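Trainee: Structure in structure tokens, see below.
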Amino acid sequence: MFRIVKKQRLTPTVTMMEIEAPLVAKKAQPGQFIILRVDKDGERIPLTIAGYNREEETVRIIFQVVGSTTEMLNKKEAGEFIEDFVGPLGVATDIGGLKKVCVVGGGVGCAIALPIAKELSASGAEVTSIIGFRSGENVILEEEFVKSSKKLVLMTDDGSYGQKGNVTAALKELLEAGKKFDRIIAIGPLVMMKFVVDAAKPYGVPVTVSMNPIMIDGTGMCGGCRLTLVRNGERITKFACVDGPDFNGYEVDFDEAMARSGFYKGFEKREREKNCRLLNAN
């Protein structure tokens, strides 16, 4: 069992928790993830590590309530426990030798982007962060990004906070103005990462994307998290849980990944509605 040390609601649908997990906190690195179960009968869900404190032996997770399991997790309070918290899993983000980096985060993906921006800043790299949200009420982690970035551009789709527009528009503006980056690291919805890659391609800037496909066991055995890379005309199958979650954005078949990501949306909706009815009945 793993104790919830802290719980904070960041927006009406996004929650941050700090979990007491000494062994995970000891080894965790930016870009890695964990798999948890809320209770012994619950499903396994992956969540990317949004931060860690080795001294306090805690790991931070930030999640959006989108399905039955995240709904159940969100009902938990500080001082309560969750059943399983396994990790760190996956390959940490490679930031070696990078001097000028653009970190692009979209929505809850900003929770994954932040520890990478922090690590880059601590290593002496010049970090430009572009973060985007649907509206001002959805903005998270702004102050922490300010601390970890030489330049922060905050975008909202409706213009209610920061600049109006999406992260791709902000990235294009910087590139067109002659801004140079050793690498762009993009984390967020698949369609956002696809368009970030398209925006960077004319300028030849390497792009790393963080993939979060359907995942079950987190060890490469189930094959649920497979995705296709296209390299020199050859289609190559990789598994996000053991080969990723970071990949060369120019190689990812985003259209296939987006099609696969929608397979279970109907099931997830039904399960969440069922779970909500059960919770309300209690």
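The way I read the labels, and the way they are meant: chains A, B, ... in the order of the structure tokens, residue 1 as the first residue of every chain, and ligand 1 as the first ligand shown, with later ones counted on from there.
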Quick one: contact table of region 120-188 of chain A to region 224-247 of chain A, 12 Å max, nearest atom pair and distance in Å to one decimal per residue, counting only C-alpha atoms, chain and number order, as a tab-separated table?

Mentor:
residue	atom	partner	partner_atom	distance
A:Ile184	CA	A:Phe247	CA	11.9
A:Ile185	CA	A:Asp246	CA	9.2
A:Ala186	CA	A:Asp246	CA	9.6
A:Ile187	CA	A:Asp246	CA	9.4

Trainee: Keeping only N, CA, C and O atoms, write the selected residues to a file as a compact mmCIF listing (two decimals), in the first residue's frame.

Mentor:
# COMPACT_ATOMS: atom_id res chain seq x y z
N ILE A 184 13.88 20.15 -29.86
CA ILE A 184 12.55 20.48 -29.37
C ILE A 184 12.01 19.22 -28.69
O ILE A 184 12.08 18.12 -29.26
N ILE A 185 11.51 19.37 -27.48
CA ILE A 185 10.91 18.25 -26.75
C ILE A 185 9.43 18.56 -26.58
O ILE A 185 9.07 19.52 -25.89
N ALA A 186 8.58 17.77 -27.22
CA ALA A 186 7.14 18.03 -27.24
C ALA A 186 6.38 16.95 -26.49
O ALA A 186 6.61 15.76 -26.72
N ILE A 187 5.47 17.39 -25.60
CA ILE A 187 4.70 16.45 -24.80
C ILE A 187 3.27 16.98 -24.69
O ILE A 187 3.04 18.09 -24.21

Trainee: Tell me which of A:Gly42, A:Pro206, A:Gly132, A:Gly220 sits closest to Asp84 (chain A), counting only C-alpha atoms.

Mentor: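 That would be A:Gly42, the residue with the smallest distance to Asp84 (chain A).
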
Trainee: Quick one: of A:Val14, A:Ala25, A:Ala78, A:Val196, who's nearest to Ile49 (chain A), counting only C-alpha atoms?

Mentor: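 The closest residue to Ile49 (chain A) is A:Ala25.
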
Trainee: So that I can see what lies close to region 124-126 of chain A, please list as JSON, numbers by chain the residues with an atom at most 7 Å from it, counting only C-alpha atoms and leaving out residues fewer than 4 positions away in the same chain.

Mentor: {"A": [98, 99, 100, 101, 120, 150]}

Trainee: Between CA of Gly106 (chain A) and CA of Val24 (chain A), measure the distance and give it in Å to one decimal.

Mentor: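 CA of Val24 (chain A) lies 25.8 Å from CA of Gly106 (chain A).
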
Trainee: Near Cys110 (chain A), counting only C-alpha atoms, which residues have an atom at most 9 Å away, once you skip same-chain residues fewer than 5 positions from it, shown as a PyMOL selection string?

Mentor: chain A and resi 50+104-105+131-132+140-141+187-188

Trainee: Keeping only N, CA and C atoms, write the selected residues to a file as a short mmCIF file (atom, residue, chain, number, x, y, z; two decimals), in the first residue's frame.

Mentor:
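For reference, part03.cif as written:
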data_model
loop_
_atom_site.label_atom_id
_atom_site.label_comp_id
_atom_site.auth_asym_id
_atom_site.auth_seq_id
_atom_site.Cartn_x
_atom_site.Cartn_y
_atom_site.Cartn_z
N ALA A 50 5.63 13.22 -12.60
CA ALA A 50 5.61 14.68 -12.74
C ALA A 50 6.58 15.37 -11.79
N VAL A 104 7.96 21.98 -25.27
CA VAL A 104 6.59 22.32 -25.66
C VAL A 104 5.63 21.39 -24.93
N GLY A 105 4.72 21.95 -24.15
CA GLY A 105 3.76 21.15 -23.40
C GLY A 105 2.35 21.57 -23.71
N ILE A 131 3.89 26.55 -23.41
CA ILE A 131 2.85 25.71 -22.83
C ILE A 131 1.48 26.21 -23.27
N GLY A 132 0.58 25.28 -23.56
CA GLY A 132 -0.71 25.68 -24.09
C GLY A 132 -1.87 24.99 -23.40
N ILE A 140 -2.01 25.22 -15.65
CA ILE A 140 -1.35 24.59 -14.50
C ILE A 140 0.15 24.84 -14.56
N LEU A 141 0.78 24.90 -13.39
CA LEU A 141 2.24 24.88 -13.23
C LEU A 141 2.96 26.10 -13.83
N ILE A 187 5.47 17.39 -25.60
CA ILE A 187 4.70 16.45 -24.80
C ILE A 187 3.27 16.98 -24.69
N GLY A 188 2.33 16.16 -25.14
CA GLY A 188 0.93 16.59 -25.09
C GLY A 188 0.08 15.69 -25.95
#

Trainee: If you run DSSP on the backbone, which residues of region 176-234 of chain A are strand (DSSP E), as a list of chain:residue names?

Mentor: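 The residues of region 176-234 of chain A classed as strand (DSSP E) are A:Arg183, A:Ile184, A:Ile185, A:Ala186, A:Ile187, A:Val207, A:Thr208, A:Val209, A:Ser210, A:Arg226, A:Leu227, A:Thr228, A:Leu229, A:Val230, A:Arg231, A:Glu234.
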
Trainee: Just the selected residues (N, CA and C atoms), exported as a PDB file, in the first residue's frame, please.

Mentor:
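Writing the result to result-v2.pdb gives the following:
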ATOM      1  N   ARG A 183      17.335  21.037 -29.788  1.00  0.00           N
ATOM      2  CA  ARG A 183      16.270  20.044 -29.838  1.00  0.00           C
ATOM      3  C   ARG A 183      14.976  20.674 -29.352  1.00  0.00           C
ATOM      4  N   ILE A 184      13.884  20.152 -29.862  1.00  0.00           N
ATOM      5  CA  ILE A 184      12.547  20.479 -29.368  1.00  0.00           C
ATOM      6  C   ILE A 184      12.010  19.223 -28.692  1.00  0.00           C
ATOM      7  N   ILE A 185      11.505  19.370 -27.476  1.00  0.00           N
ATOM      8  CA  ILE A 185      10.912  18.250 -26.750  1.00  0.00           C
ATOM      9  C   ILE A 185       9.431  18.557 -26.577  1.00  0.00           C
ATOM     10  N   ALA A 186       8.582  17.767 -27.219  1.00  0.00           N
ATOM     11  CA  ALA A 186       7.141  18.033 -27.239  1.00  0.00           C
ATOM     12  C   ALA A 186       6.382  16.952 -26.492  1.00  0.00           C
ATOM     13  N   ILE A 187       5.473  17.386 -25.605  1.00  0.00           N
ATOM     14  CA  ILE A 187       4.695  16.454 -24.800  1.00  0.00           C
ATOM     15  C   ILE A 187       3.272  16.975 -24.694  1.00  0.00           C
ATOM     16  N   VAL A 207      13.332  16.649 -33.047  1.00  0.00           N
ATOM     17  CA  VAL A 207      12.160  16.707 -32.171  1.00  0.00           C
ATOM     18  C   VAL A 207      12.001  15.377 -31.431  1.00  0.00           C
ATOM     19  N   THR A 208      11.927  15.457 -30.132  1.00  0.00           N
ATOM     20  CA  THR A 208      11.625  14.293 -29.301  1.00  0.00           C
ATOM     21  C   THR A 208      10.184  14.413 -28.839  1.00  0.00           C
ATOM     22  N   VAL A 209       9.414  13.326 -28.981  1.00  0.00           N
ATOM     23  CA  VAL A 209       8.030  13.321 -28.529  1.00  0.00           C
ATOM     24  C   VAL A 209       7.856  12.226 -27.478  1.00  0.00           C
ATOM     25  N   SER A 210       6.958  12.453 -26.538  1.00  0.00           N
ATOM     26  CA  SER A 210       6.674  11.480 -25.481  1.00  0.00           C
ATOM     27  C   SER A 210       5.347  10.806 -25.795  1.00  0.00           C
ATOM     28  N   ARG A 226       2.198  -0.828 -28.437  1.00  0.00           N
ATOM     29  CA  ARG A 226       3.018  -0.812 -29.650  1.00  0.00           C
ATOM     30  C   ARG A 226       2.707   0.416 -30.503  1.00  0.00           C
ATOM     31  N   LEU A 227       3.708   0.883 -31.181  1.00  0.00           N
ATOM     32  CA  LEU A 227       3.537   1.959 -32.141  1.00  0.00           C
ATOM     33  C   LEU A 227       4.515   1.726 -33.285  1.00  0.00           C
ATOM     34  N   THR A 228       4.269   2.396 -34.384  1.00  0.00           N
ATOM     35  CA  THR A 228       5.070   2.182 -35.583  1.00  0.00           C
ATOM     36  C   THR A 228       5.964   3.383 -35.846  1.00  0.00           C
ATOM     37  N   LEU A 229       7.239   3.081 -36.076  1.00  0.00           N
ATOM     38  CA  LEU A 229       8.195   4.082 -36.542  1.00  0.00           C
ATOM     39  C   LEU A 229       8.487   3.812 -38.003  1.00  0.00           C
ATOM     40  N   VAL A 230       8.679   4.860 -38.775  1.00  0.00           N
ATOM     41  CA  VAL A 230       9.058   4.725 -40.178  1.00  0.00           C
ATOM     42  C   VAL A 230      10.477   5.261 -40.319  1.00  0.00           C
ATOM     43  N   ARG A 231      11.405   4.355 -40.592  1.00  0.00           N
ATOM     44  CA  ARG A 231      12.824   4.711 -40.646  1.00  0.00           C
ATOM     45  C   ARG A 231      13.426   4.229 -41.960  1.00  0.00           C
ATOM     46  N   GLU A 234      11.350   1.860 -43.914  1.00  0.00           N
ATOM     47  CA  GLU A 234      10.985   0.613 -43.246  1.00  0.00           C
ATOM     48  C   GLU A 234      10.091   0.894 -42.043  1.00  0.00           C
TER      49      GLU A 234
END

Trainee: Just want the 8 Å neighbourhood of Arg134 (chain A), counted on only C-alpha atoms, with same-chain residues fewer than 5 positions away dropped. Output as a PyMOL selection string.

Mentor: chain A and resi 107+156-158
